[in-house]
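J.: There's a structure below that I have some questions on.
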Amino acid sequence: MGTAGAYFAADDRRPLTGNWTGQIIAGLQKETADVQAMTVAIWCVPLSIAVAEFFLSVALLCRIIRYARGQDRIVLPRAFWYWLAWAGLTCMSVGFSPEPTAGWHLIRRLLLVACLFLVVPAIRNSSQLLFVWKGVFVTSAIGSLFLIGDFISRWFYYRGELSVGGDPGFYLRTGGLLNHWMVWGTVEVVVLGGMLAFIHAFPLERWKWLPAILLNGLAILLSLTRMIWIASVFLLGLVLILRRSRWVWALPATAVALYFLAPGAIGSRLRDSVRADYYSNFERVQMLRVGWSMIKQHPFAGVGAGQIEKQYHRYLAPHDPIPAYHGHLHNNLVQTAAESGLPVAAAAMLFCAILFMDIGKLVRTSLTQEDQFLSLAALLALCGFLLAGCFDYTYGHSLGLILLSFGVIPALSTKPCSAPGDSRHYAGKNSHGPHQASQARLESLREG
């Protein structure tokens, strides 16, 4: 029990002991109501969309009350105004759509992001942000455990179909508690970015969190979802490059070994991934062609909000089959440009560029371990989300947007405040003493 409690210690120098649930409750009780609700909402993202959105609504209500009473003030980062331009152009595109009411999904997403810009800054202390991230690691491990169990149950249930050549991607893929593998994969890629950043910033803590790391890793493998596989390899390679680790050269060899040696469903899924005639690969290439045709014919306003599925067949090549599901184009950029037009897509790209600029600046200037973790987590989460968005419409999943916003928005504002008296400065993976920390801080100041 004490070990579990130590996972949630806001300050790693003073691990919690005793009843860990009591310690978690005590950690929440010292915060304001909006922070409490936001914390629980973020913790529930890997488990349930209904619960997460309920507590997010509570957090928004509490936040509005605090603003109305003058107990807090609205502070919007520079990137917000670029997002606002994107949102304004999106609203205009919805207005020009043949069926404006079909664009409610886009308006709802904008309202969600606007809500997050108001609510997420309530958690402004670095130690509290770290506390919330640790809770996410725990709940994501619980969600991963359910996914693994669901995979095993499906394997036994469908073993007859699989034994005669049934497609493992059809019979075995599952999203665990989140029901759909694409939703789970979008959330998991952000969680993975946070985990890798945590291991990088707090190397001495990796063994304490090994069970959660292994559960998430196994779930990623058994999810049979290629976009999370690709994003995982990319993020792991990026962290190894940041650490200047020679293990980065082992990643290609590991991927090749898995391709030839991976057993059963995993090996079959890997081999299907390079087959041009595999239905999933064929459909994705077809969707890119359809999206490009839509963009060429409607470059400024797109085909209209909610019109992708209705007009999909009009842009097919002769004799091309219609995919079973074609409600979106499995690519964030192509979907945005085809549905809303090139101006909206350009505004979205500009917003992402500003995100990278602001987060990159924070990565270079963070001094404490906590701030280094938070800035790197934001960078990795954003990279993973956008890379996964090349293979799936990740912008369409509310849970992924909620968790991504929690990871990114604090890095867009001024640098998060560390806990009072916290003098631990980031000094790299081999430096833990005060002298090395002071040297690292001095070098960082010189570079800044």
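Ligands are numbered from 1 in the order shown, chains are lettered A, B, ... in the order of the structure tokens, and residues start at 1 in each chain.
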Which neighbours of Met227 of chain A fall inside 10 Å, counting only C-alpha atoms, when residues of the same chain fewer than 4 positions from it are skipped, and could you give them as a list in words?
T.: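 Residues near the query, excluding close chain neighbours: Met182, Gly185, Thr186, Val189, Ala231, Ser232, Gly384, Leu387, Ala388, Gly389, Cys390, Phe391 and Asp392 of chain A.
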J.: Which residues of segment 136-209 of chain A sit at most 7 Å from segment 40-61 of chain A, using only C-alpha atoms? Give each one's shortest atom pair and distance in Å (one decimal place), in chain and ascending residue order, as JSON lines.
T.:
{"residue": "A:Val136", "atom": "CA", "partner": "A:Trp43", "partner_atom": "CA", "distance": 5.0}
{"residue": "A:Thr139", "atom": "CA", "partner": "A:Pro46", "partner_atom": "CA", "distance": 6.2}
{"residue": "A:Ser140", "atom": "CA", "partner": "A:Pro46", "partner_atom": "CA", "distance": 5.2}
{"residue": "A:Gly143", "atom": "CA", "partner": "A:Leu47", "partner_atom": "CA", "distance": 5.9}
{"residue": "A:Leu177", "atom": "CA", "partner": "A:Leu47", "partner_atom": "CA", "distance": 5.8}
{"residue": "A:Leu178", "atom": "CA", "partner": "A:Ser48", "partner_atom": "CA", "distance": 6.3}
{"residue": "A:Val187", "atom": "CA", "partner": "A:Pro46", "partner_atom": "CA", "distance": 6.7}
J.: Those selected residues, please, written with C-alpha atoms and delivered as a CSV table (one decimal), in the first residue's frame.
T.:
chain,number,residue,atom,x,y,z
A,136,VAL,CA,-3.0,9.1,-15.7
A,139,THR,CA,-5.6,4.6,-14.9
A,140,SER,CA,-4.0,4.0,-18.3
A,143,GLY,CA,-7.3,0.4,-19.0
A,177,LEU,CA,-12.8,0.1,-21.7
A,178,LEU,CA,-12.9,2.7,-24.5
A,187,VAL,CA,-5.4,8.3,-25.9
J.: Would you tabulate, counting only C-alpha atoms, all residues of segment 24-108 of chain A that have an atom at most 10 Å from an atom of segment 300-309 of chain A, showing the closest pair of atoms and their distance in Å to one decimal, sorted by chain then ascending number, as CSV?
T.:
residue,atom,partner,partner_atom,distance
A:Leu89,CA,A:Ala301,CA,9.7
A:Thr90,CA,A:Ala305,CA,9.2
A:Cys91,CA,A:Ala305,CA,9.8
A:Met92,CA,A:Ala301,CA,8.8
A:Ser93,CA,A:Ala301,CA,5.8
A:Val94,CA,A:Ala305,CA,5.6
A:Gly95,CA,A:Ala305,CA,8.8
A:Phe96,CA,A:Gly304,CA,7.2
A:Ser97,CA,A:Gly304,CA,4.2
A:Pro98,CA,A:Gly304,CA,6.2
A:Glu99,CA,A:Ala305,CA,7.3
A:Pro100,CA,A:Ala305,CA,6.9
A:Thr101,CA,A:Ala305,CA,8.5
A:Ala102,CA,A:Gly306,CA,4.9
A:Gly103,CA,A:Ala305,CA,4.6
A:Trp104,CA,A:Ala305,CA,8.3
A:His105,CA,A:Gly306,CA,8.0
A:Leu106,CA,A:Ala305,CA,7.6
A:Ile107,CA,A:Ala305,CA,10.0
J.: Give me the residues near Ile359 of chain A as a VMD selection string, where near means some atom within 7 Å (using only C-alpha atoms) and where sequence neighbours in that chain fewer than 6 positions away do not count.
T.: chain A and resid 375 378 to 379 411 to 412
J.: Residues of segment 201-307 of chain A that approach segment 154-166 of chain A to 10 Å or less, counting only C-alpha atoms: could you list each one with the shortest pair of atoms and its distance in Å to one decimal, rows by chain and increasing residue number, as JSON lines?
T.:
{"residue": "A:Gly264", "atom": "CA", "partner": "A:Leu162", "partner_atom": "CA", "distance": 9.6}
{"residue": "A:Ala265", "atom": "CA", "partner": "A:Leu162", "partner_atom": "CA", "distance": 8.7}
{"residue": "A:Ser268", "atom": "CA", "partner": "A:Gly165", "partner_atom": "CA", "distance": 9.9}
J.: Restricted to N, CA and C atoms, what would the selected residues look like written as a tab-separated table (two decimals), in the first residue's frame?
T.:
chain	number	residue	atom	x	y	z
A	264	GLY	N	1.97	-15.60	-34.21
A	264	GLY	CA	0.53	-15.53	-34.27
A	264	GLY	C	-0.03	-14.26	-34.87
A	265	ALA	N	-0.99	-13.69	-34.12
A	265	ALA	CA	-1.76	-12.54	-34.61
A	265	ALA	C	-0.87	-11.34	-34.86
A	268	SER	N	1.09	-11.87	-38.09
A	268	SER	CA	0.19	-11.78	-39.22
A	268	SER	C	-0.19	-10.34	-39.51
J.: So, counting only C-alpha atoms, which residue among A:Leu221, A:Leu374, A:Val191, A:Ala345 is closest to Ala262 of chain A?
T.: A:Leu221
J.: One decimal, Å: what's the distance from atom CA of Arg78 of chain A over to atom CA of Gln128 of chain A, could you say?
T.: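 Interatomic distance here is 23.2 Å.
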J.: May I have the residues within 7 Å of Leu329 of chain A as a PDB file with N, CA and C atoms, in the first residue's frame, using only C-alpha atoms and disregarding those fewer than 5 positions away in the same chain?
T.:
ATOM      1  N   MET A 287      -8.820   6.475 -49.801  1.00  0.00           N
ATOM      2  CA  MET A 287      -9.333   7.651 -49.095  1.00  0.00           C
ATOM      3  C   MET A 287      -8.468   8.884 -49.344  1.00  0.00           C
ATOM      4  N   LEU A 288      -7.158   8.687 -49.446  1.00  0.00           N
ATOM      5  CA  LEU A 288      -6.288   9.813 -49.774  1.00  0.00           C
ATOM      6  C   LEU A 288      -6.573  10.327 -51.176  1.00  0.00           C
ATOM      7  N   GLY A 291      -9.899  12.151 -51.016  1.00  0.00           N
ATOM      8  CA  GLY A 291      -9.722  13.435 -50.353  1.00  0.00           C
ATOM      9  C   GLY A 291      -9.058  14.457 -51.257  1.00  0.00           C
ATOM     10  N   VAL A 334      -5.871  15.810 -44.465  1.00  0.00           N
ATOM     11  CA  VAL A 334      -6.707  15.579 -45.645  1.00  0.00           C
ATOM     12  C   VAL A 334      -8.178  15.741 -45.292  1.00  0.00           C
ATOM     13  N   GLN A 335      -8.577  15.219 -44.133  1.00  0.00           N
ATOM     14  CA  GLN A 335      -9.964  15.364 -43.700  1.00  0.00           C
ATOM     15  C   GLN A 335     -10.350  16.824 -43.536  1.00  0.00           C
TER      16      GLN A 335
END
J.: Taking the chain letters and numbering used in this document, name the residues of segment 168-372 of chain A that DSSP puts in alpha helix (DSSP H), as a ChimeraX atom specification.
T.: /A:168-171,181-201,210-222,226-242,250-261,264-272,279-297,308-311,332-340,342-365,369-372
J.: Return the single residue from A:Leu355, A:Ala348, A:Ala253, A:Val408 that is closest to Gly88 of chain A, with distances computed using only C-alpha atoms.
T.: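 Nearest to Gly88 of chain A: A:Ala348.
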J.: Work out how far atom CA of Gly407 of chain A is from atom CA of Lys208 of chain A, in Å to one decimal.
T.: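 Going from atom CA of Lys208 of chain A over to atom CA of Gly407 of chain A covers 22.1 Å.
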